[in-house]
Structures are given as structure tokens and as C-alpha cells.
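Quick look at data-v5.pdb (PDB, C-alpha atoms):
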```pdb
ATOM      1  CA  MET A   1      10.584 -14.609   2.483
ATOM      2  CA  PRO A   2       9.445 -12.657  -0.607
ATOM      3  CA  ALA A   3       9.849 -14.528  -3.864
ATOM      4  CA  ILE A   4      12.695 -13.902  -6.294
ATOM      5  CA  MET A   5      11.203 -12.407  -9.448
ATOM      6  CA  THR A   6      11.143 -14.395 -12.697
ATOM      7  CA  ASN A   7      10.001 -13.746 -16.250
ATOM      8  CA  ASP A   8       6.783 -15.689 -15.558
ATOM      9  CA  MET A   9       4.565 -13.170 -13.754
ATOM     10  CA  GLU A  10       1.725 -15.566 -12.945
ATOM     11  CA  GLY A  11       1.706 -16.450  -9.262
ATOM     12  CA  GLN A  12       4.165 -13.707  -8.296
ATOM     13  CA  PHE A  13       2.180 -12.958  -5.145
ATOM     14  CA  ASP A  14       1.732 -16.582  -4.068
ATOM     15  CA  TRP A  15       4.297 -16.081  -1.289
ATOM     16  CA  LEU A  16       2.310 -13.136   0.089
ATOM     17  CA  ILE A  17      -1.056 -14.867  -0.148
ATOM     18  CA  SER A  18       0.389 -17.937   1.565
ATOM     19  CA  LYS A  19       1.889 -15.781   4.332
ATOM     20  CA  ALA A  20      -1.422 -14.017   4.995
ATOM     21  CA  ALA A  21      -3.425 -17.241   4.966
ATOM     22  CA  SER A  22      -1.075 -18.921   7.451
ATOM     23  CA  GLN A  23      -1.128 -16.176  10.085
ATOM     24  CA  PRO A  24      -2.156 -17.473  13.526
ATOM     25  CA  GLY A  25      -5.491 -16.430  14.972
ATOM     26  CA  PRO A  26      -8.763 -15.542  13.249
ATOM     27  CA  ALA A  27      -8.771 -14.171   9.721
ATOM     28  CA  LEU A  28      -8.793 -10.396   9.260
ATOM     29  CA  ARG A  29     -12.342  -9.009   9.398
ATOM     30  CA  VAL A  30     -12.639  -6.585   6.492
ATOM     31  CA  ALA A  31     -15.492  -4.141   5.973
ATOM     32  CA  VAL A  32     -15.991  -3.929   2.198
ATOM     33  CA  ILE A  33     -17.395  -0.541   1.228
ATOM     34  CA  HIS A  34     -20.241  -0.525  -1.324
ATOM     35  CA  PRO A  35     -19.386  -3.755  -3.207
ATOM     36  CA  VAL A  36     -22.123  -3.414  -5.812
ATOM     37  CA  ASP A  37     -20.185  -4.675  -8.838
ATOM     38  CA  ALA A  38     -18.750  -8.045  -9.807
ATOM     39  CA  SER A  39     -15.067  -7.124  -9.422
ATOM     40  CA  SER A  40     -15.249  -5.813  -5.864
ATOM     41  CA  LEU A  41     -17.484  -8.684  -4.777
ATOM     42  CA  LYS A  42     -15.297 -11.322  -6.388
ATOM     43  CA  GLY A  43     -12.129  -9.848  -4.884
ATOM     44  CA  ALA A  44     -13.592 -10.083  -1.393
ATOM     45  CA  LEU A  45     -14.986 -13.578  -1.909
ATOM     46  CA  ASP A  46     -11.749 -14.895  -3.439
ATOM     47  CA  ALA A  47      -9.776 -13.584  -0.463
ATOM     48  CA  ALA A  48     -12.270 -15.197   1.908
ATOM     49  CA  ALA A  49     -11.982 -18.524   0.086
ATOM     50  CA  ALA A  50      -8.186 -18.348   0.411
ATOM     51  CA  GLY A  51      -8.466 -17.874   4.172
ATOM     52  CA  ILE A  52      -7.018 -14.361   4.045
ATOM     53  CA  MET A  53      -9.990 -12.456   5.408
ATOM     54  CA  THR A  54     -13.592 -12.585   6.564
ATOM     55  CA  PRO A  55     -15.545 -10.006   4.558
ATOM     56  CA  VAL A  56     -18.409  -7.881   5.857
ATOM     57  CA  LEU A  57     -20.274  -6.448   2.865
ATOM     58  CA  VAL A  58     -21.595  -2.948   3.581
ATOM     59  CA  GLY A  59     -23.941  -1.234   1.133
ATOM     60  CA  PRO A  60     -27.430  -1.358  -0.393
ATOM     61  CA  ALA A  61     -28.524  -4.969   0.108
ATOM     62  CA  ALA A  62     -30.579  -5.102  -3.092
ATOM     63  CA  LYS A  63     -27.729  -3.809  -5.256
ATOM     64  CA  ILE A  64     -25.226  -6.205  -3.678
ATOM     65  CA  ALA A  65     -27.577  -9.129  -4.278
ATOM     66  CA  ALA A  66     -28.185  -8.066  -7.887
ATOM     67  CA  ALA A  67     -24.458  -7.770  -8.581
ATOM     68  CA  ALA A  68     -23.816 -11.189  -7.071
ATOM     69  CA  GLU A  69     -26.610 -12.791  -9.119
ATOM     70  CA  LEU A  70     -25.377 -11.196 -12.343
ATOM     71  CA  ALA A  71     -21.831 -12.441 -11.694
ATOM     72  CA  GLY A  72     -22.919 -15.884 -10.526
ATOM     73  CA  LEU A  73     -21.466 -15.402  -7.046
ATOM     74  CA  ASP A  74     -22.816 -17.113  -3.936
ATOM     75  CA  LEU A  75     -23.166 -14.875  -0.881
ATOM     76  CA  SER A  76     -24.355 -17.649   1.437
ATOM     77  CA  GLY A  77     -22.828 -17.260   4.893
ATOM     78  CA  ILE A  78     -21.317 -13.844   4.112
ATOM     79  CA  GLU A  79     -22.185 -11.153   6.646
ATOM     80  CA  GLN A  80     -23.896  -8.085   5.209
ATOM     81  CA  VAL A  81     -24.712  -4.669   6.648
ATOM     82  CA  ASP A  82     -27.314  -2.617   4.828
ATOM     83  CA  ALA A  83     -26.474   1.000   3.984
ATOM     84  CA  PRO A  84     -28.474   3.294   1.712
ATOM     85  CA  HIS A  85     -25.716   4.478  -0.631
ATOM     86  CA  SER A  86     -21.951   4.615  -1.119
ATOM     87  CA  HIS A  87     -21.411   7.580   1.204
ATOM     88  CA  GLY A  88     -23.451   5.923   3.934
ATOM     89  CA  ALA A  89     -21.564   2.671   3.392
ATOM     90  CA  ALA A  90     -18.221   4.414   3.879
ATOM     91  CA  ALA A  91     -19.426   6.045   7.097
ATOM     92  CA  ARG A  92     -20.811   2.757   8.405
ATOM     93  CA  CYS A  93     -17.545   0.940   7.671
ATOM     94  CA  VAL A  94     -15.588   3.521   9.649
ATOM     95  CA  ASP A  95     -18.035   2.971  12.516
ATOM     96  CA  LEU A  96     -17.402  -0.792  12.344
ATOM     97  CA  ILE A  97     -13.688  -0.140  12.908
ATOM     98  CA  HIS A  98     -14.458   2.008  15.962
ATOM     99  CA  GLU A  99     -16.856  -0.635  17.282
ATOM    100  CA  GLY A 100     -14.220  -3.355  16.980
ATOM    101  CA  LYS A 101     -16.346  -5.247  14.461
ATOM    102  CA  ALA A 102     -13.829  -4.891  11.606
ATOM    103  CA  ASP A 103     -10.031  -4.857  11.427
ATOM    104  CA  ALA A 104      -9.586  -3.232   7.999
ATOM    105  CA  LEU A 105     -11.445  -1.499   5.184
ATOM    106  CA  MET A 106     -11.651  -2.448   1.518
ATOM    107  CA  LYS A 107     -12.706  -0.092  -1.259
ATOM    108  CA  GLY A 108     -15.587  -1.340  -3.387
ATOM    109  CA  ALA A 109     -17.456   0.399  -6.197
ATOM    110  CA  LEU A 110     -17.015   4.014  -5.123
ATOM    111  CA  HIS A 111     -14.502   6.780  -5.733
ATOM    112  CA  THR A 112     -11.428   6.869  -3.527
ATOM    113  CA  ASN A 113     -12.040  10.466  -2.453
ATOM    114  CA  GLU A 114     -15.552   9.562  -1.267
ATOM    115  CA  MET A 115     -14.175   6.779   0.898
ATOM    116  CA  MET A 116     -11.256   8.839   2.199
ATOM    117  CA  ALA A 117     -13.547  11.740   3.134
ATOM    118  CA  GLU A 118     -14.975   9.546   5.887
ATOM    119  CA  VAL A 119     -11.590   8.131   6.871
ATOM    120  CA  VAL A 120      -9.874  11.510   7.341
ATOM    121  CA  LYS A 121     -12.644  13.250   9.281
ATOM    122  CA  ARG A 122     -11.233  14.917  12.374
ATOM    123  CA  GLU A 123     -14.244  13.789  14.398
ATOM    124  CA  GLY A 124     -15.170  10.152  13.989
ATOM    125  CA  GLY A 125     -12.628   9.314  11.281
ATOM    126  CA  LEU A 126      -9.633   7.019  11.469
ATOM    127  CA  ARG A 127      -6.864   9.569  11.966
ATOM    128  CA  THR A 128      -3.826   8.747  14.092
ATOM    129  CA  GLU A 129      -0.684  10.716  14.936
ATOM    130  CA  ARG A 130       0.703   9.565  11.576
ATOM    131  CA  ARG A 131       0.103  10.960   8.120
ATOM    132  CA  MET A 132      -1.865   8.492   5.992
ATOM    133  CA  SER A 133      -0.091   7.311   2.858
ATOM    134  CA  HIS A 134      -0.481   4.794   0.073
ATOM    135  CA  VAL A 135       2.013   2.033  -0.664
ATOM    136  CA  PHE A 136       2.213   0.128  -3.952
ATOM    137  CA  LEU A 137       3.747  -3.343  -3.825
ATOM    138  CA  LEU A 138       4.932  -4.432  -7.271
ATOM    139  CA  SER A 139       6.319  -7.615  -8.748
ATOM    140  CA  THR A 140       7.964  -7.167 -12.129
ATOM    141  CA  ALA A 141      10.170  -9.372 -14.286
ATOM    142  CA  GLY A 142      12.521  -6.412 -14.688
ATOM    143  CA  TYR A 143      13.576  -6.450 -11.022
ATOM    144  CA  ARG A 144      14.792  -9.350  -8.960
ATOM    145  CA  LYS A 145      12.592  -8.809  -5.894
ATOM    146  CA  PRO A 146       9.369  -7.094  -4.773
ATOM    147  CA  LEU A 147       9.426  -3.305  -4.910
ATOM    148  CA  LEU A 148       7.428  -0.867  -2.788
ATOM    149  CA  ILE A 149       6.598   2.633  -4.084
ATOM    150  CA  SER A 150       5.148   5.479  -2.012
ATOM    151  CA  ASP A 151       3.246   7.727  -2.285
ATOM    152  CA  GLY A 152       1.614   7.526  -5.684
ATOM    153  CA  ALA A 153      -2.061   7.748  -4.738
ATOM    154  CA  LEU A 154      -2.816   9.878  -1.692
ATOM    155  CA  ASN A 155      -0.434  12.733  -0.831
ATOM    156  CA  ILE A 156      -0.196  15.202  -3.713
ATOM    157  CA  ALA A 157       2.836  17.354  -2.863
ATOM    158  CA  PRO A 158       4.031  16.217   0.563
ATOM    159  CA  ASP A 159       6.261  18.442   2.657
ATOM    160  CA  LEU A 160       9.189  17.120   4.663
ATOM    161  CA  MET A 161       7.178  16.008   7.683
ATOM    162  CA  ALA A 162       4.611  14.286   5.482
ATOM    163  CA  LYS A 163       7.478  12.499   3.723
ATOM    164  CA  ARG A 164       8.753  11.384   7.097
ATOM    165  CA  TRP A 165       5.496   9.486   7.709
ATOM    166  CA  ILE A 166       5.290   8.287   4.118
ATOM    167  CA  THR A 167       8.732   6.771   4.586
ATOM    168  CA  GLN A 168       7.973   5.278   7.998
ATOM    169  CA  ASN A 169       4.699   3.752   6.785
ATOM    170  CA  ALA A 170       6.473   2.169   3.816
ATOM    171  CA  ILE A 171       9.223   0.773   6.051
ATOM    172  CA  ASP A 172       6.627  -0.766   8.357
ATOM    173  CA  ALA A 173       4.805  -2.288   5.382
ATOM    174  CA  ALA A 174       8.038  -3.829   4.096
ATOM    175  CA  ARG A 175       8.935  -5.281   7.469
ATOM    176  CA  ALA A 176       5.443  -6.771   7.753
ATOM    177  CA  ILE A 177       6.127  -8.846   4.628
ATOM    178  CA  ASP A 178       9.566 -10.003   5.807
ATOM    179  CA  ILE A 179      11.710  -7.385   4.048
ATOM    180  CA  ASP A 180      13.667  -6.449   7.140
ATOM    181  CA  PRO A 181      15.495  -4.139   7.239
ATOM    182  CA  PRO A 182      14.335  -2.633   3.946
ATOM    183  CA  LYS A 183      16.640  -0.510   1.824
ATOM    184  CA  VAL A 184      14.938   2.819   1.134
ATOM    185  CA  ALA A 185      15.824   5.047  -1.823
ATOM    186  CA  ILE A 186      14.623   8.645  -1.587
ATOM    187  CA  LEU A 187      14.179   9.526  -5.248
ATOM    188  CA  SER A 188      14.922  12.729  -7.095
ATOM    189  CA  ALA A 189      16.380  13.642 -10.486
ATOM    190  CA  THR A 190      19.979  13.430  -9.267
ATOM    191  CA  GLU A 191      22.134  11.925  -6.543
ATOM    192  CA  GLU A 192      23.544  15.343  -5.651
ATOM    193  CA  VAL A 193      22.048  17.668  -3.081
ATOM    194  CA  ASP A 194      21.042  20.665  -5.164
ATOM    195  CA  PRO A 195      19.347  23.714  -3.580
ATOM    196  CA  THR A 196      17.503  24.371  -6.860
ATOM    197  CA  ILE A 197      15.782  20.958  -6.625
ATOM    198  CA  PRO A 198      13.773  20.915  -3.366
ATOM    199  CA  SER A 199      13.299  17.132  -3.388
ATOM    200  CA  THR A 200      17.059  16.660  -3.004
ATOM    201  CA  ILE A 201      17.009  18.782   0.155
ATOM    202  CA  ASP A 202      14.105  16.746   1.532
ATOM    203  CA  ALA A 203      15.947  13.515   0.696
ATOM    204  CA  ALA A 204      19.047  14.588   2.572
ATOM    205  CA  ALA A 205      16.953  15.676   5.549
ATOM    206  CA  LEU A 206      15.080  12.358   5.633
ATOM    207  CA  CYS A 207      18.378  10.469   5.739
ATOM    208  CA  LYS A 208      19.549  12.599   8.652
ATOM    209  CA  MET A 209      16.207  12.048  10.398
ATOM    210  CA  ALA A 210      16.846   8.316  10.113
ATOM    211  CA  ASP A 211      20.317   8.846  11.627
ATOM    212  CA  ARG A 212      18.644  10.608  14.558
ATOM    213  CA  GLY A 213      15.996   7.917  15.090
ATOM    214  CA  GLN A 214      13.073   9.954  13.767
ATOM    215  CA  ILE A 215      12.571   7.297  11.085
ATOM    216  CA  LYS A 216      13.158   3.733  12.247
ATOM    217  CA  GLY A 217      13.613   0.252  10.875
ATOM    218  CA  GLY A 218      15.072   0.977   7.436
ATOM    219  CA  ILE A 219      18.353   1.775   5.701
ATOM    220  CA  LEU A 220      17.949   5.109   3.910
ATOM    221  CA  ASP A 221      19.907   6.864   1.198
ATOM    222  CA  GLY A 222      19.112   9.819  -0.970
ATOM    223  CA  PRO A 223      18.788  11.734  -3.048
ATOM    224  CA  LEU A 224      19.067   8.993  -5.665
ATOM    225  CA  ALA A 225      18.024   9.040  -9.294
ATOM    226  CA  PHE A 226      15.867   6.078 -10.293
ATOM    227  CA  ASP A 227      18.647   4.254 -12.121
ATOM    228  CA  LEU A 228      20.941   4.470  -9.119
ATOM    229  CA  ALA A 229      18.219   3.092  -6.872
ATOM    230  CA  VAL A 230      17.609  -0.098  -8.863
ATOM    231  CA  SER A 231      20.570  -0.694 -11.196
ATOM    232  CA  ARG A 232      23.836  -2.123  -9.894
ATOM    233  CA  GLU A 233      25.397  -1.376 -13.263
ATOM    234  CA  SER A 234      24.556   2.328 -12.951
ATOM    235  CA  VAL A 235      25.980   2.394  -9.440
ATOM    236  CA  ALA A 236      29.240   0.844 -10.639
ATOM    237  CA  THR A 237      29.472   3.068 -13.712
ATOM    238  CA  LYS A 238      28.950   6.263 -11.720
ATOM    239  CA  GLY A 239      31.169   5.153  -8.839
ATOM    240  CA  LEU A 240      28.443   5.735  -6.241
ATOM    241  CA  ARG A 241      29.044   4.502  -2.704
ATOM    242  CA  SER A 242      25.684   3.715  -1.165
ATOM    243  CA  PRO A 243      24.168   1.088   1.161
ATOM    244  CA  VAL A 244      20.980   1.251  -0.928
ATOM    245  CA  GLY A 245      22.070   1.986  -4.495
ATOM    246  CA  GLY A 246      21.216  -0.731  -7.010
ATOM    247  CA  ASP A 247      19.342  -2.790  -4.424
ATOM    248  CA  ALA A 248      16.404  -0.700  -3.172
ATOM    249  CA  ASP A 249      13.356  -2.358  -1.632
ATOM    250  CA  ILE A 250      11.409   0.897  -1.280
ATOM    251  CA  LEU A 251      11.230   3.922  -3.567
ATOM    252  CA  ILE A 252      10.024   7.140  -1.921
ATOM    253  CA  VAL A 253       8.898   9.531  -4.649
ATOM    254  CA  PRO A 254       8.790  13.335  -4.399
ATOM    255  CA  THR A 255       5.184  13.849  -5.548
ATOM    256  CA  ILE A 256       2.022  11.909  -6.323
ATOM    257  CA  GLU A 257       2.543  12.411 -10.075
ATOM    258  CA  ALA A 258       5.968  10.771  -9.958
ATOM    259  CA  GLY A 259       4.743   7.814  -7.925
ATOM    260  CA  ASN A 260       1.565   7.260  -9.901
ATOM    261  CA  MET A 261       3.325   7.395 -13.258
ATOM    262  CA  LEU A 262       6.185   5.188 -12.089
ATOM    263  CA  ALA A 263       3.881   2.478 -10.743
ATOM    264  CA  LYS A 264       1.618   2.534 -13.797
ATOM    265  CA  GLN A 265       4.552   2.494 -16.215
ATOM    266  CA  LEU A 266       5.825  -0.647 -14.511
ATOM    267  CA  ASP A 267       2.316  -2.090 -14.664
ATOM    268  CA  TYR A 268       1.491  -1.323 -18.295
ATOM    269  CA  LEU A 269       4.919  -1.327 -19.964
ATOM    270  CA  ALA A 270       6.856  -3.826 -17.851
ATOM    271  CA  GLY A 271       4.038  -6.262 -17.095
ATOM    272  CA  ALA A 272       4.168  -5.714 -13.352
ATOM    273  CA  SER A 273       1.551  -6.988 -10.929
ATOM    274  CA  ALA A 274       0.557  -4.478  -8.259
ATOM    275  CA  ALA A 275      -1.072  -4.496  -4.834
ATOM    276  CA  GLY A 276      -1.899  -1.397  -2.851
ATOM    277  CA  ILE A 277      -2.917  -0.351   0.645
ATOM    278  CA  VAL A 278      -3.186   2.798   2.745
ATOM    279  CA  LEU A 279      -1.331   2.940   6.069
ATOM    280  CA  GLY A 280      -1.249   5.477   8.881
ATOM    281  CA  ALA A 281      -4.960   5.204   9.681
ATOM    282  CA  ALA A 282      -6.378   3.364  12.678
ATOM    283  CA  ALA A 283      -6.754   0.316  10.401
ATOM    284  CA  PRO A 284      -5.242  -0.760   7.084
ATOM    285  CA  ILE A 285      -7.214   0.233   3.990
ATOM    286  CA  ILE A 286      -7.230  -2.023   0.931
ATOM    287  CA  LEU A 287      -7.266   0.311  -2.069
ATOM    288  CA  THR A 288      -8.043  -1.546  -5.283
ATOM    289  CA  SER A 289      -8.642  -0.316  -8.824
ATOM    290  CA  ARG A 290     -11.357  -1.434 -11.221
ATOM    291  CA  ALA A 291      -8.535  -2.453 -13.587
ATOM    292  CA  ASP A 292      -6.905  -4.774 -11.033
ATOM    293  CA  SER A 293      -6.738  -8.474 -11.846
ATOM    294  CA  ALA A 294      -8.154 -11.097  -9.478
ATOM    295  CA  GLU A 295      -4.608 -11.906  -8.321
ATOM    296  CA  GLU A 296      -3.851  -8.235  -7.660
ATOM    297  CA  ARG A 297      -7.021  -7.848  -5.581
ATOM    298  CA  MET A 298      -6.135 -10.954  -3.618
ATOM    299  CA  ALA A 299      -2.596  -9.645  -3.121
ATOM    300  CA  SER A 300      -3.881  -6.313  -1.788
ATOM    301  CA  CYS A 301      -6.007  -8.187   0.753
ATOM    302  CA  ALA A 302      -3.023 -10.342   1.713
ATOM    303  CA  PHE A 303      -0.803  -7.253   2.017
ATOM    304  CA  ALA A 304      -3.269  -5.623   4.418
ATOM    305  CA  ALA A 305      -3.632  -8.826   6.428
ATOM    306  CA  ALA A 306       0.139  -9.171   6.814
ATOM    307  CA  VAL A 307       0.457  -5.535   7.896
ATOM    308  CA  ALA A 308      -2.414  -5.818  10.400
ATOM    309  CA  HIS A 309      -0.884  -8.949  11.927
ATOM    310  CA  TRP A 310       2.561  -7.295  12.115
ATOM    311  CA  GLN A 311       1.121  -4.173  13.724
ATOM    312  CA  ARG A 312      -0.486  -6.234  16.473
ATOM    313  CA  GLY A 313       2.912  -7.672  17.341
ATOM    314  CA  ALA A 314       5.122  -4.706  16.511
ATOM    315  CA  PRO A 315       7.019  -3.025  19.363
TER
END
```
Now, as a test, write the supplied structure out as C-alpha cells.
Amino acid sequence: MPAIMTNDMEGQFDWLISKAASQPGPALRVAVIHPVDASSLKGALDAAAAGIMTPVLVGPAAKIAAAAELAGLDLSGIEQVDAPHSHGAAARCVDLIHEGKADALMKGALHTNEMMAEVVKREGGLRTERRMSHVFLLSTAGYRKPLLISDGALNIAPDLMAKRWITQNAIDAARAIDIDPPKVAILSATEEVDPTIPSTIDAAALCKMADRGQIKGGILDGPLAFDLAVSRESVATKGLRSPVGGDADILIVPTIEAGNMLAKQLDYLAGASAAGIVLGAAAPIILTSRADSAEERMASCAFAAAVAHWQRGAP
């Protein structure tokens, strides 16, 4: 089960790393795209050492070797696939998924949009019937349990049907890490359905879609303001009756700006640790930032491994 949060943030993802490392069967094979800097190489190697994944390094062999030498990292026994540049590395990694030679992708030293351009191609990409979306997993001393936020990195201004898949992807991610059933708060600026605030209309519709089985596996409520989603005191003060209020596991945000700012505020002002992956593609995508700590990179790998294992066994 996910750990109860404490004021000591070190080791907050130990439960997730342990879960991923103890999964039955071979470790997740992860194609690492253009790992030509120390941070992306070290993240992959640390996850391999922990038994979370088996990395396949894809990119210019000379640059990968130079980065490893500069960082003092040993690449002995690590599979490598030569590619001429970052764009070529992204394309080759997508091919490895199609060929069954990799189970997931991991972003290295390239821009997210360059990687995603290959992933979302209509011919040869990794599209499925779902909308792809990003999920943050955060541990913060200010909240008593892990918190998932979506979508703060991929979908800019999602419409209702995009939000349906954003919500479903987040529910699946939560269930994969033993938050089952997750409580899902559809966020807006108010708990009232207000025609002048479109996100409240979407929130109400998403809840009804869950009632009708169009979104499965979670307990939804919305619209909810942020305080009502996470604060039991606010729920009591305002007299709200909600199966989610004050105890949310997942926060579904109305736009990318809201999600990105919320996650980064928790990171930089509340000392949160964050992992992040993209779901809805044919394989999980580990989306790390250059500012991520070693533990956060490891946690993102573990998150993807847990999701991939759950998807193989999911009904």
C-alpha cells in the first residue's frame, strides 16, 4: 500500500520502488531516448541497479560514451542502439516498442515535444483509442497520502472527451499503485455548477459519465475547489456532502496551466517529491525533467513499471 506521508520527505517513494522491483517476471525493458547527459544516464542506471528496469540506451554512441565517462558511470553490460541524433533516437525507440524489443520509453536529453512528435504520429506512432495524458504522482508533507495530478504537461485545453480519457488514465495509474478505488476530484474554482465557468459543466458531465460507466474504476465528484478536494476542515466548514471531498487521491485540473502550476507549487513551495509518466499510448512513457532528483527519476521509472505490470493483468 502507498506510504502515509510524514514531514521527512526522504524515501517517500520507497514503497513504490519496492513494489516495482518485486513484480514477478522480467524487469521492464525501457528504451531510453538520447541519454547523452549525466542525469538521464544516471536515472536509467540507478533504476536498473534497483531491479526496476532493463535499459536500452538509444542515441549517438560516441556522445553516450562521453557523457558516461564524464560522469564516472559504467555502461558495461548495458544494451545500446546507435542513432544519429535525438530525432532519430526518438523514432528508433518507437520502432523498438512496435518490434516488441521494449516495453516503455524514457525521455533523455531532448525536448518533450521532439519525443512526442514521434509518439503521436498517426502512421507508425504509439496512438491507441485513448487520448494520451500526463500524470504527476506527488508526495508532500502537507498531505497524508500520495496525490496524483492530471494533466499538467501534455493536453493544453482539453475538451470534455479529452478530459474523459485524462480521468480514466489517472484512475488506471492510481489502481496500478494500489490506490483502489481512487477518489477523484474534478477541480474548478467552485463547487457549484455555474454556466459561466465551463470547467464546472465539464466536471458535472464527467461525474455523470462515471455514473453511466463511461469512466470506470474510480469514485468521482466535481466540480470541487482545491480546498474542498484536500481539506476535511474546509468540507466540514462549508457543509459539503461528498464521497471525495477532503480525501482526494486524484486531482483532475481544467487546463495544463492549472496542473503545471499546482504541481510545481507543491514541488517548490511545499517540498514535494514528484514522479511523472504519460499514459494512453501503446506503452508507458517516463517523462522526467532535468531538475528531477535521483529519487524522483527512480520513482518515475517505478511508476511506469507498476503501470505496465498492472496493464498486462488488467481486465
Contacts of stretch 124-140 of chain A at 6 Å (only C-alpha atoms; same-chain gap of 4+ positions) as a list in words: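 So the residues in contact are Glu118, Val119, Val120, Pro146, Leu147, Leu148, Ile149, Ser150, Asp151, Ala153, Leu154, Trp165, Ile166, Ala272, Ser273, Ala274, Ala275, Gly276, Ile277, Val278, Leu279, Gly280, Ala281 and Ala282 of chain A.
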Enclosing box along x, y and z for every listed atom of stretch 202-211 of chain A, padded 6 Å each side, centre and size in Å, one decimal, as JSON:
```
{"center_x": 17.2, "center_y": 12.5, "center_z": 6.2, "size_x": 18.2, "size_y": 20.4, "size_z": 22.9}
```
What separation in Å, quoted to one decimal, exists between atom CA of A:Leu96 and atom CA of A:Pro35?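 Distance between the two atoms: 16.0 Å.
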- Message: Just checking: using all atoms listed in the file, which residue out of A:Asp267, A:Ala258, A:Val32, A:Ala205 ends up closest to A:Ser293?
- Response: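 Looking at the shortest contact to A:Ser293, the residue is A:Asp267.
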Which residues come within 12 Å of A:Ala189, counting only C-alpha atoms, excluding same-chain residues fewer than 6 positions away, as a PyMOL selection string?
chain A and resi 196-201+203+222-229+253-254+258
- When the PyMOL selection byres ((chain A and resi 285) around 6) is applied to the file above, which residues end up in the set, as a list in words?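 Applying the expression gives Ala104, Leu105, Met106, Ile277, Val278, Pro284 and Ile286 of chain A.
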Using C-alpha atoms, can you write the selected residues to a file as a tab-separated table (two decimals), keeping the file's coordinate frame?
```
chain	number	residue	atom	x	y	z
A	104	ALA	CA	-9.59	-3.23	8.00
A	105	LEU	CA	-11.44	-1.50	5.18
A	106	MET	CA	-11.65	-2.45	1.52
A	277	ILE	CA	-2.92	-0.35	0.64
A	278	VAL	CA	-3.19	2.80	2.74
A	284	PRO	CA	-5.24	-0.76	7.08
A	286	ILE	CA	-7.23	-2.02	0.93
```
May I have a table of the residues of stretch 133-194 of chain A lying at most 7 Å from stretch 294-311 of chain A, giving each one's closest pair of atoms and their distance in Å to one decimal, counting all atoms listed in the file, ordered by chain and ascending residue number, as a Markdown table?
```
| residue | atom | partner | partner_atom | distance |
| --- | --- | --- | --- | --- |
| A:Ala173 | CA | A:Val307 | CA | 6.0 |
| A:Ala176 | CA | A:Val307 | CA | 5.1 |
| A:Ile177 | CA | A:Ala306 | CA | 6.4 |
```
One decimal, in Å: what's the spacing between atom CA of A:Lys183 and atom CA of A:Ile219?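 Between these atoms lies a distance of 4.8 Å.
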In terms of only C-alpha atoms, the residue from A:Leu251, A:Ile171, A:Val30, A:Val235 at minimal distance from A:Ile97 is A:Val30
| field | Evaluate the PyMOL selection byres ((chain A and resi 217) around 10) and report residues as a ChimeraX atom specification | value | /A:168,171-172,174-175,180-183,210,213,215-216,218-220
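Of note, atom CA of A:Cys93 and atom CA of A:Ile33 are spaced 6.6 Å apart.
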ask   = If the PyMOL selection byres ((chain A and resi 17) around 8) is run on the structure shown, which residues does it catch, given as a PyMOL selection string?
value = chain A and resi 13-16+18-21+50+52+298-299+302-303
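Using only C-alpha atoms, the smallest distance between any of A:Thr167, A:Thr54, A:Ser76, A:Asn155 and A:Asn113 comes from A:Asn155.
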Excluding A:Gly88 and residues on its chain fewer than 5 positions from it, collect all residues at most 9 Å away from it, counting all atoms listed in the file, and give them as number ranges by chain. A: 34, 59, 83, 93
| Quick one: of A:Ala38, A:Val230, A:Ile252, A:Ala68, who's nearest to A:Gly142, counting only C-alpha atoms? |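 Between A:Ala38, A:Val230, A:Ile252, A:Ala68, the residue approaching A:Gly142 most closely is A:Val230.
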For stretch 80-94 of chain A, supply N, CA and C atoms and report the output as a PDB file, in the coordinates of the input.
```pdb
ATOM      1  N   GLN A  80     -23.592  -9.310   5.938  1.00  0.00           N
ATOM      2  CA  GLN A  80     -23.896  -8.085   5.209  1.00  0.00           C
ATOM      3  C   GLN A  80     -24.475  -7.050   6.166  1.00  0.00           C
ATOM      4  N   VAL A  81     -24.159  -5.793   5.896  1.00  0.00           N
ATOM      5  CA  VAL A  81     -24.712  -4.669   6.648  1.00  0.00           C
ATOM      6  C   VAL A  81     -25.328  -3.711   5.648  1.00  0.00           C
ATOM      7  N   ASP A  82     -26.609  -3.469   5.786  1.00  0.00           N
ATOM      8  CA  ASP A  82     -27.314  -2.617   4.828  1.00  0.00           C
ATOM      9  C   ASP A  82     -26.955  -1.149   5.049  1.00  0.00           C
ATOM     10  N   ALA A  83     -26.722  -0.445   3.959  1.00  0.00           N
ATOM     11  CA  ALA A  83     -26.474   1.000   3.984  1.00  0.00           C
ATOM     12  C   ALA A  83     -27.120   1.588   2.740  1.00  0.00           C
ATOM     13  N   PRO A  84     -27.648   2.788   2.808  1.00  0.00           N
ATOM     14  CA  PRO A  84     -28.474   3.294   1.712  1.00  0.00           C
ATOM     15  C   PRO A  84     -27.726   3.642   0.430  1.00  0.00           C
ATOM     16  N   HIS A  85     -26.467   4.025   0.538  1.00  0.00           N
ATOM     17  CA  HIS A  85     -25.716   4.478  -0.631  1.00  0.00           C
ATOM     18  C   HIS A  85     -24.223   4.401  -0.324  1.00  0.00           C
ATOM     19  N   SER A  86     -23.400   4.771  -1.286  1.00  0.00           N
ATOM     20  CA  SER A  86     -21.951   4.615  -1.119  1.00  0.00           C
ATOM     21  C   SER A  86     -21.412   5.470   0.021  1.00  0.00           C
ATOM     22  N   HIS A  87     -21.897   6.712   0.138  1.00  0.00           N
ATOM     23  CA  HIS A  87     -21.411   7.580   1.204  1.00  0.00           C
ATOM     24  C   HIS A  87     -21.778   7.009   2.573  1.00  0.00           C
ATOM     25  N   GLY A  88     -23.017   6.533   2.680  1.00  0.00           N
ATOM     26  CA  GLY A  88     -23.451   5.923   3.934  1.00  0.00           C
ATOM     27  C   GLY A  88     -22.683   4.657   4.240  1.00  0.00           C
ATOM     28  N   ALA A  89     -22.338   3.894   3.193  1.00  0.00           N
ATOM     29  CA  ALA A  89     -21.564   2.671   3.392  1.00  0.00           C
ATOM     30  C   ALA A  89     -20.173   2.987   3.933  1.00  0.00           C
ATOM     31  N   ALA A  90     -19.547   4.026   3.392  1.00  0.00           N
ATOM     32  CA  ALA A  90     -18.221   4.414   3.879  1.00  0.00           C
ATOM     33  C   ALA A  90     -18.276   4.826   5.348  1.00  0.00           C
ATOM     34  N   ALA A  91     -19.283   5.609   5.711  1.00  0.00           N
ATOM     35  CA  ALA A  91     -19.426   6.045   7.097  1.00  0.00           C
ATOM     36  C   ALA A  91     -19.677   4.859   8.019  1.00  0.00           C
ATOM     37  N   ARG A  92     -20.511   3.924   7.566  1.00  0.00           N
ATOM     38  CA  ARG A  92     -20.811   2.757   8.405  1.00  0.00           C
ATOM     39  C   ARG A  92     -19.573   1.879   8.594  1.00  0.00           C
ATOM     40  N   CYS A  93     -18.761   1.744   7.564  1.00  0.00           N
ATOM     41  CA  CYS A  93     -17.545   0.940   7.671  1.00  0.00           C
ATOM     42  C   CYS A  93     -16.559   1.545   8.662  1.00  0.00           C
ATOM     43  N   VAL A  94     -16.439   2.858   8.660  1.00  0.00           N
ATOM     44  CA  VAL A  94     -15.588   3.521   9.649  1.00  0.00           C
ATOM     45  C   VAL A  94     -16.111   3.247  11.057  1.00  0.00           C
TER      46      VAL A  94
END
```
